[in-house]
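Just below is one structure, and these are the notes that go with it.
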Amino acid sequence: MRKSKVWAGVLGVEKSTVIDRLDLDEEAKIAVFTVRVRKGAKRRCGLCQRRCPGYDQGEGQRRWRAPDIGLFRAFVESDAPRVSCPQHGVVVASVPWARHDARHTTVFEDTLAWMATRTSKSTLELLLRIAWRTVGAIVTRVVAEGIAARDPLAGLHRIGIDEISYKKGHRYITIVVDHDTGRLVWAAPGRDRKTLAAFFTALGESRCAAITHVSADAAQWIADEVAAHCPNAVRCADAFHIVAWAGDALDEVRRDTWNAARKGGMGGYARDLKGARFALWKNPENLTERQRTKLAWVAKVNHQLYRAYLIKEQLRQVFVLKGEEGKQLLDRWLGWARRCRIPAFVELAKRITRHRAAIDATLEHRLSNGLVESTNTKIRLLTRMAFGFKSPEAMIALAMLNLGGYCPPLPGR
Ligand SMILES: [Zn+2]
């Protein structure tokens with residue numbers, strides 16, 4: 001086997017690439033491979049791959065970063081001539097080892113994208129020796145290529161729409177998930193009718209008509225926009241958001257109890273109550289031993305707060321049961337909440353009655369609560385990771401990579 005062929009395999013640039021020489025700089029620990037495009041793949045438009053007449057030599061030699069070889073940083077170096085494409089005009093010719101406009105080889109970019117869905121920002125930066133801003137640009141390019149190959153908006157029937165805040169609640173993105181595949185299919189900065197209208201425009205009239213179910217929180221702007229575009233869709237209320245309302249009501253009760261205890265000079269009791277927040281808030285199956293003890297303490301010393309906790313938990317059960325059973329339990333729950341004499345929950349009962357039709361639709365059509373909840377949680381984590389990105393587009397690309405099914409396989413495995 002010829003040496004250049006071995007090196008092409010090591011770099012992951014076997015396709016239509018000839019390696020002419022290798023220069024090692026032992027001082028700087030850099031390996032530079034001088035390569036050229038094989039004849040049949042020459043003079044192709046970087047955008048459409050069409051064979052075109054040559055134009056000029058462009059800016060001469062260019063370097064692309066390749067994955068490290070051991071402790072050496074590796075680069076691929078080559079001419080980057082321009083061609084004249086009848087459709088795209090004068091563009092840099094396509095090279096088989098890298099995406100158009102990229103400064104890294106495809107193998108490097110795919111490795112980075114694969115890692116970006118699995119590891120922390122600092123690990124990625126250190127291990128691949130790359131700036132976080134570059135990560136944003138690469139992820140955006142990888143996802144754009146994936147979307148060109150597989151349209152995320154194809155075949156949608158049951159969708160979920162959600163708004164997610166980031167930058168401490170100062171910014172929002174609107175997201176759309178597919179209940180049937182579990183994938184994130186669309187996201188854009190903003191949270192208003194105009195933002196969502198862009199999604200329905202991209203979907204087009206006939207595909208809008210194919211939408212049968214739309215789940216969302218109770219926001220009116222979402223309801224209005226869905227009604228305007230999807231004539232055949234049933235609107236469902238996201239269980240995740242309804243249960244979150246109960247969590248908010250419970251927190252209000254806990255805060256009031258705590259304030260009353262503090263003002264009443266019961267400092268120790270107030271402190272203990274403050275510590276009970278997570279025990280009350282978490283799902284019972286996820287409680288730690290200490291939190292279980294805390295909950296038992298609440299049950300003993302504060303009947304109203306414990307009752308509020310039970311009411312919240314029963315509402316959660318409604319969405320675990322779903323179907324006819326869920327609806328019956330919701331009837332009983334409403335009776336209980338209306339008469340419980342805890343203002344936050346009496347108010348919640350009214351609010352739920354107002355949204356009863358959309359909630360019943362969720363129970364009847366058994367739309368997954370877990371999908372919206374987990375997408376919501378994962379995007380929140382991603383927004384923290386994406387903090388250093390300049391644009392929301394890079395953050396959205398990172399979300400599509402993770403949750404849209406656009407993560408490339410790890411090269412060479
Ligand atoms: Zn072209």
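Lettering and numbering for the structure tokens are positional, with chains as A, B, ... in the shown order, residues counted from 1 in each chain, and ligands counted from 1 in the shown order.
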Report task. Check every protein, DNA and RNA residue against ligand 1, keep those with an atom at most 9 Å away (counting only C-alpha atoms and all ligand atoms), and present them as an MDAnalysis selection string. Result -> chainID A and resid 44:52 83:91
Dump as a CSV table (one decimal), in the first residue's frame, selection limited to all heavy atoms:
chain,number,residue,atom,x,y,z
A,44,ARG,N,-15.6,21.6,-9.8
A,44,ARG,CA,-17.0,21.5,-9.5
A,44,ARG,C,-17.4,22.7,-8.6
A,44,ARG,O,-16.7,23.1,-7.8
A,44,ARG,CB,-17.3,20.2,-8.8
A,44,ARG,CG,-17.2,19.0,-9.8
A,44,ARG,CD,-17.6,17.7,-9.2
A,44,ARG,NE,-17.4,16.6,-10.1
A,44,ARG,CZ,-18.2,16.3,-11.1
A,44,ARG,NH1,-19.4,16.9,-11.2
A,44,ARG,NH2,-17.9,15.3,-11.9
A,45,CYS,N,-18.6,23.2,-8.9
A,45,CYS,CA,-19.2,24.3,-8.1
A,45,CYS,C,-19.3,23.9,-6.6
A,45,CYS,O,-19.8,22.8,-6.3
A,45,CYS,CB,-20.5,24.7,-8.6
A,45,CYS,SG,-21.4,25.8,-7.5
A,46,GLY,N,-18.8,24.8,-5.7
A,46,GLY,CA,-18.8,24.5,-4.3
A,46,GLY,C,-20.2,24.4,-3.7
A,46,GLY,O,-20.4,23.8,-2.7
A,47,LEU,N,-21.2,24.9,-4.5
A,47,LEU,CA,-22.6,24.9,-3.9
A,47,LEU,C,-23.4,23.8,-4.5
A,47,LEU,O,-24.2,23.1,-3.8
A,47,LEU,CB,-23.2,26.2,-4.2
A,47,LEU,CG,-22.7,27.4,-3.4
A,47,LEU,CD1,-23.2,28.7,-3.9
A,47,LEU,CD2,-23.0,27.3,-1.9
A,48,CYS,N,-23.3,23.5,-5.9
A,48,CYS,CA,-24.2,22.6,-6.5
A,48,CYS,C,-23.4,21.4,-7.1
A,48,CYS,O,-24.1,20.5,-7.6
A,48,CYS,CB,-25.0,23.2,-7.6
A,48,CYS,SG,-24.1,23.8,-9.0
A,49,GLN,N,-22.1,21.3,-7.0
A,49,GLN,CA,-21.3,20.2,-7.5
A,49,GLN,C,-21.3,20.1,-9.0
A,49,GLN,O,-20.8,19.1,-9.5
A,49,GLN,CB,-21.8,18.9,-6.8
A,49,GLN,CG,-21.7,18.9,-5.3
A,49,GLN,CD,-20.3,19.0,-4.8
A,49,GLN,OE1,-19.4,18.5,-5.3
A,49,GLN,NE2,-20.2,19.8,-3.7
A,50,ARG,N,-21.9,21.0,-9.7
A,50,ARG,CA,-21.9,20.9,-11.1
A,50,ARG,C,-20.5,21.2,-11.7
A,50,ARG,O,-19.8,22.1,-11.2
A,50,ARG,CB,-22.9,21.9,-11.7
A,50,ARG,CG,-23.2,21.7,-13.2
A,50,ARG,CD,-24.0,22.8,-13.8
A,50,ARG,NE,-25.1,23.2,-12.9
A,50,ARG,CZ,-26.1,24.0,-13.3
A,50,ARG,NH1,-26.2,24.4,-14.6
A,50,ARG,NH2,-27.1,24.4,-12.5
A,51,ARG,N,-20.1,20.5,-12.7
A,51,ARG,CA,-18.8,20.7,-13.4
A,51,ARG,C,-18.9,22.1,-14.1
A,51,ARG,O,-19.8,22.3,-14.9
A,51,ARG,CB,-18.5,19.6,-14.3
A,51,ARG,CG,-17.3,19.9,-15.1
A,51,ARG,CD,-16.6,18.6,-15.5
A,51,ARG,NE,-15.6,18.3,-14.5
A,51,ARG,CZ,-14.8,17.2,-14.5
A,51,ARG,NH1,-15.0,16.3,-15.5
A,51,ARG,NH2,-13.9,16.9,-13.6
A,52,CYS,N,-17.9,22.9,-13.9
A,52,CYS,CA,-18.0,24.3,-14.5
A,52,CYS,C,-16.6,24.7,-15.1
A,52,CYS,O,-15.6,24.1,-14.7
A,52,CYS,CB,-18.3,25.3,-13.4
A,52,CYS,SG,-19.7,24.9,-12.4
A,83,VAL,N,-14.4,28.7,-9.7
A,83,VAL,CA,-15.0,28.3,-11.0
A,83,VAL,C,-16.2,29.2,-11.3
A,83,VAL,O,-16.6,30.0,-10.4
A,83,VAL,CB,-15.6,26.8,-10.9
A,83,VAL,CG1,-14.5,25.8,-10.8
A,83,VAL,CG2,-16.6,26.7,-9.8
A,84,SER,N,-16.6,29.2,-12.5
A,84,SER,CA,-17.7,30.1,-12.9
A,84,SER,C,-19.0,29.2,-13.1
A,84,SER,O,-19.1,28.5,-14.1
A,84,SER,CB,-17.3,30.8,-14.1
A,84,SER,OG,-18.4,31.6,-14.6
A,85,CYS,N,-19.9,29.2,-12.1
A,85,CYS,CA,-21.1,28.3,-12.2
A,85,CYS,C,-22.2,29.1,-12.9
A,85,CYS,O,-22.4,30.2,-12.5
A,85,CYS,CB,-21.5,27.9,-10.8
A,85,CYS,SG,-23.1,27.0,-10.8
A,86,PRO,N,-22.9,28.5,-13.9
A,86,PRO,CA,-24.0,29.2,-14.6
A,86,PRO,C,-25.1,29.6,-13.6
A,86,PRO,O,-25.8,30.6,-13.8
A,86,PRO,CB,-24.5,28.2,-15.6
A,86,PRO,CG,-23.9,26.9,-15.2
A,86,PRO,CD,-22.7,27.2,-14.4
A,87,GLN,N,-25.2,28.9,-12.5
A,87,GLN,CA,-26.3,29.2,-11.5
A,87,GLN,C,-25.8,30.1,-10.4
A,87,GLN,O,-26.5,31.0,-10.0
A,87,GLN,CB,-26.9,27.9,-11.0
A,87,GLN,CG,-28.2,28.1,-10.2
A,87,GLN,CD,-28.7,26.8,-9.5
A,87,GLN,OE1,-28.2,25.7,-9.9
A,87,GLN,NE2,-29.5,27.0,-8.6
A,88,HIS,N,-24.6,29.8,-9.9
A,88,HIS,CA,-24.1,30.5,-8.6
A,88,HIS,C,-23.0,31.5,-8.9
A,88,HIS,O,-22.5,32.1,-7.9
A,88,HIS,CB,-23.6,29.4,-7.6
A,88,HIS,CG,-24.7,28.5,-7.2
A,88,HIS,ND1,-24.8,27.2,-7.7
A,88,HIS,CD2,-25.8,28.7,-6.4
A,88,HIS,CE1,-25.8,26.6,-7.1
A,88,HIS,NE2,-26.5,27.5,-6.4
A,89,GLY,N,-22.6,31.7,-10.1
A,89,GLY,CA,-21.6,32.7,-10.4
A,89,GLY,C,-20.2,32.2,-10.1
A,89,GLY,O,-20.0,31.0,-10.1
A,90,VAL,N,-19.3,33.2,-9.7
A,90,VAL,CA,-18.0,32.8,-9.4
A,90,VAL,C,-17.9,32.3,-8.0
A,90,VAL,O,-18.2,33.1,-7.0
A,90,VAL,CB,-17.0,34.0,-9.6
A,90,VAL,CG1,-15.6,33.6,-9.2
A,90,VAL,CG2,-17.0,34.4,-11.1
A,91,VAL,N,-17.6,31.0,-7.8
A,91,VAL,CA,-17.5,30.5,-6.4
A,91,VAL,C,-16.2,29.6,-6.3
A,91,VAL,O,-15.7,29.1,-7.3
A,91,VAL,CB,-18.7,29.6,-6.1
A,91,VAL,CG1,-19.9,30.4,-5.8
A,91,VAL,CG2,-18.9,28.5,-7.1
Report task. Write out as a count of residues only the residues lying within 9 Å of Trp221 (chain A), counting only C-alpha atoms and excluding same-chain residues fewer than 5 positions away. Result -> 5
Query - Residues within 8 Å of region 403-412 of chain A, only C-alpha atoms, excluding chain neighbours under 4 positions, as number ranges by chain - result: A: 12, 107, 110-111, 113-114, 117, 142-143, 146-147, 152, 183-185, 375, 399
Requested in this report: Identify, on the basis of only C-alpha atoms, every residue whose closest approach to Ala249 (chain A) does not exceed 6 Å; exclude the query and any residue fewer than 3 positions from it along the same chain; express the result as a ChimeraX atom specification.
Outcome: /A:246,252,344
Requested in this report: Name the closest residue to Asp23 (chain A) among the candidates A:Arg158, A:Arg73, A:Arg82, A:Arg62; distances are taken between atoms, counting only C-alpha atoms.
Outcome: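 With only C-alpha atoms as the atom set, the closest residue is A:Arg73.
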Query raised in the report: Which of these residues is nearest to Thr119 (chain A), using only C-alpha atoms: A:Pro392, A:Leu22, A:Pro284, A:Met385?
Result: A:Met385
Query raised in the report: Which residue out of A:Thr34, A:Thr383, A:Ser16, A:Thr140 has the minimum interatomic distance to Lys168 (chain A) when only C-alpha atoms are used?
Result: A:Thr383
Report task. For region 198-205 of chain A, list every protein, DNA or RNA residue within 8 Å, evaluated using only C-alpha atoms, and leave out those in the same chain fewer than 5 positions away; present the list as a list in words. Result ->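 Near neighbours after the sequence-gap exclusion: Leu153, Trp186 and His229 of chain A.
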Those same residues - all heavy atoms - I'd like them written as a PDB file, in the first residue's frame.
ATOM      1  N   LEU A 153     -39.854  19.178   8.069  1.00  0.00           N
ATOM      2  CA  LEU A 153     -41.286  19.505   8.080  1.00  0.00           C
ATOM      3  C   LEU A 153     -42.126  18.507   7.271  1.00  0.00           C
ATOM      4  O   LEU A 153     -43.335  18.683   7.128  1.00  0.00           O
ATOM      5  CB  LEU A 153     -41.506  20.926   7.534  1.00  0.00           C
ATOM      6  CG  LEU A 153     -40.772  22.046   8.276  1.00  0.00           C
ATOM      7  CD1 LEU A 153     -41.190  23.403   7.732  1.00  0.00           C
ATOM      8  CD2 LEU A 153     -41.027  21.982   9.767  1.00  0.00           C
ATOM      9  N   TRP A 186     -38.606  22.455  14.362  1.00  0.00           N
ATOM     10  CA  TRP A 186     -38.475  23.860  13.966  1.00  0.00           C
ATOM     11  C   TRP A 186     -38.263  24.702  15.219  1.00  0.00           C
ATOM     12  O   TRP A 186     -38.812  24.402  16.279  1.00  0.00           O
ATOM     13  CB  TRP A 186     -39.752  24.301  13.254  1.00  0.00           C
ATOM     14  CG  TRP A 186     -39.715  25.656  12.608  1.00  0.00           C
ATOM     15  CD1 TRP A 186     -39.259  25.945  11.348  1.00  0.00           C
ATOM     16  CD2 TRP A 186     -40.164  26.896  13.166  1.00  0.00           C
ATOM     17  NE1 TRP A 186     -39.404  27.287  11.099  1.00  0.00           N
ATOM     18  CE2 TRP A 186     -39.954  27.901  12.196  1.00  0.00           C
ATOM     19  CE3 TRP A 186     -40.727  27.248  14.402  1.00  0.00           C
ATOM     20  CZ2 TRP A 186     -40.278  29.238  12.404  1.00  0.00           C
ATOM     21  CZ3 TRP A 186     -41.049  28.580  14.622  1.00  0.00           C
ATOM     22  CH2 TRP A 186     -40.829  29.564  13.622  1.00  0.00           C
ATOM     23  N   HIS A 229     -54.380  28.932  10.678  1.00  0.00           N
ATOM     24  CA  HIS A 229     -53.667  28.167   9.654  1.00  0.00           C
ATOM     25  C   HIS A 229     -54.050  26.702   9.523  1.00  0.00           C
ATOM     26  O   HIS A 229     -53.859  26.111   8.465  1.00  0.00           O
ATOM     27  CB  HIS A 229     -52.151  28.243   9.892  1.00  0.00           C
ATOM     28  CG  HIS A 229     -51.571  29.576   9.575  1.00  0.00           C
ATOM     29  ND1 HIS A 229     -51.355  30.528  10.530  1.00  0.00           N
ATOM     30  CD2 HIS A 229     -51.183  30.116   8.397  1.00  0.00           C
ATOM     31  CE1 HIS A 229     -50.856  31.598   9.963  1.00  0.00           C
ATOM     32  NE2 HIS A 229     -50.740  31.387   8.671  1.00  0.00           N
TER      33      HIS A 229
END
Query - strand (DSSP E or B) positions in region 114-339 of chain A, given as an MDAnalysis selection string - result: chainID A and resid 158:166 171:178 184:189 213:216 234:237
Restricting it to C-alpha atoms, dump the selection as a PDB file, in the first residue's frame.
ATOM      1  CA  ARG A 158     -49.408  15.852  15.529  1.00  0.00           C
ATOM      2  CA  ILE A 159     -47.249  18.741  16.696  1.00  0.00           C
ATOM      3  CA  GLY A 160     -46.452  20.507  19.946  1.00  0.00           C
ATOM      4  CA  ILE A 161     -45.675  24.230  20.136  1.00  0.00           C
ATOM      5  CA  ASP A 162     -43.812  25.756  23.043  1.00  0.00           C
ATOM      6  CA  GLU A 163     -42.077  28.984  24.010  1.00  0.00           C
ATOM      7  CA  ILE A 164     -38.838  28.810  25.939  1.00  0.00           C
ATOM      8  CA  SER A 165     -37.148  31.664  27.719  1.00  0.00           C
ATOM      9  CA  TYR A 166     -33.401  32.140  27.986  1.00  0.00           C
ATOM     10  CA  ARG A 171     -35.224  36.383  25.319  1.00  0.00           C
ATOM     11  CA  TYR A 172     -37.500  33.739  23.884  1.00  0.00           C
ATOM     12  CA  ILE A 173     -37.519  31.085  21.219  1.00  0.00           C
ATOM     13  CA  THR A 174     -40.581  29.330  19.853  1.00  0.00           C
ATOM     14  CA  ILE A 175     -40.185  25.630  19.138  1.00  0.00           C
ATOM     15  CA  VAL A 176     -42.231  22.986  17.323  1.00  0.00           C
ATOM     16  CA  VAL A 177     -41.926  19.262  18.087  1.00  0.00           C
ATOM     17  CA  ASP A 178     -43.320  16.244  16.235  1.00  0.00           C
ATOM     18  CA  LEU A 184     -37.662  18.926  17.360  1.00  0.00           C
ATOM     19  CA  VAL A 185     -38.622  20.084  13.857  1.00  0.00           C
ATOM     20  CA  TRP A 186     -38.475  23.860  13.966  1.00  0.00           C
ATOM     21  CA  ALA A 187     -37.318  26.716  16.191  1.00  0.00           C
ATOM     22  CA  ALA A 188     -37.001  30.484  15.806  1.00  0.00           C
ATOM     23  CA  PRO A 189     -36.227  33.480  18.002  1.00  0.00           C
ATOM     24  CA  HIS A 213     -53.445  17.834  16.621  1.00  0.00           C
ATOM     25  CA  VAL A 214     -51.613  20.790  18.083  1.00  0.00           C
ATOM     26  CA  SER A 215     -50.571  20.777  21.709  1.00  0.00           C
ATOM     27  CA  ALA A 216     -49.430  23.991  23.367  1.00  0.00           C
ATOM     28  CA  VAL A 234     -57.715  19.815  17.432  1.00  0.00           C
ATOM     29  CA  ARG A 235     -56.062  22.026  20.013  1.00  0.00           C
ATOM     30  CA  CYS A 236     -54.741  20.212  23.077  1.00  0.00           C
ATOM     31  CA  ALA A 237     -53.338  21.640  26.295  1.00  0.00           C
TER      32      ALA A 237
END
Report task. Give the helix (DSSP H, G or I) residues of region 74-300 of chain A, as DSSP finds them on the backbone, and put them as a PyMOL selection string. Result -> chain A and resi 106-116+121-128+132-149+193-203+205-209+220-229+239-263+267-275+277-281+284-286+289-300
Query raised in the report: What is the CA of His179 (chain A)-CA of Trp333 (chain A) distance in Å, reported with one decimal?
Result: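 Pair CA of His179 (chain A) / CA of Trp333 (chain A) returns 27.2 Å.
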Report summary line: Ile138 (chain A) proximity check over A:Ile69, A:Val10, A:Ala276, A:Glu393, using only C-alpha atoms: winner is A:Glu393
Neighbouring residues of Phe33 (chain A) were defined as those with any atom within 6 Å, considering only C-alpha atoms; residues of the same chain fewer than 2 positions away were excluded. Please report them as a tab-separated table (two decimals) with N, CA, C and O atoms, in the first residue's frame.
chain	number	residue	atom	x	y	z
A	21	ARG	N	2.44	15.43	-0.26
A	21	ARG	CA	3.57	15.45	0.70
A	21	ARG	C	3.08	15.74	2.11
A	21	ARG	O	1.98	16.23	2.34
A	22	LEU	N	3.98	15.40	3.04
A	22	LEU	CA	3.70	15.64	4.46
A	22	LEU	C	4.86	16.40	5.05
A	22	LEU	O	6.02	15.99	4.92
A	76	VAL	N	-4.74	20.19	6.32
A	76	VAL	CA	-4.72	19.81	4.91
A	76	VAL	C	-4.50	21.11	4.14
A	76	VAL	O	-5.19	22.09	4.40
A	77	GLU	N	-3.53	21.11	3.22
A	77	GLU	CA	-3.26	22.34	2.47
A	77	GLU	C	-3.44	22.07	0.98
A	77	GLU	O	-3.03	21.01	0.50
Requested in this report: Mind checking which residues fall within 9 Å of region 301-315 of chain A, counting only C-alpha atoms, ignoring those fewer than 6 positions away in the same chain, and posting them as a count of residues only?
Outcome: 22
Query raised in the report: Between A:Ile396, A:Ala386, A:Ala41, A:Leu371, which is the closest to Asp238 (chain A) once you count only C-alpha atoms?
Result: A:Leu371
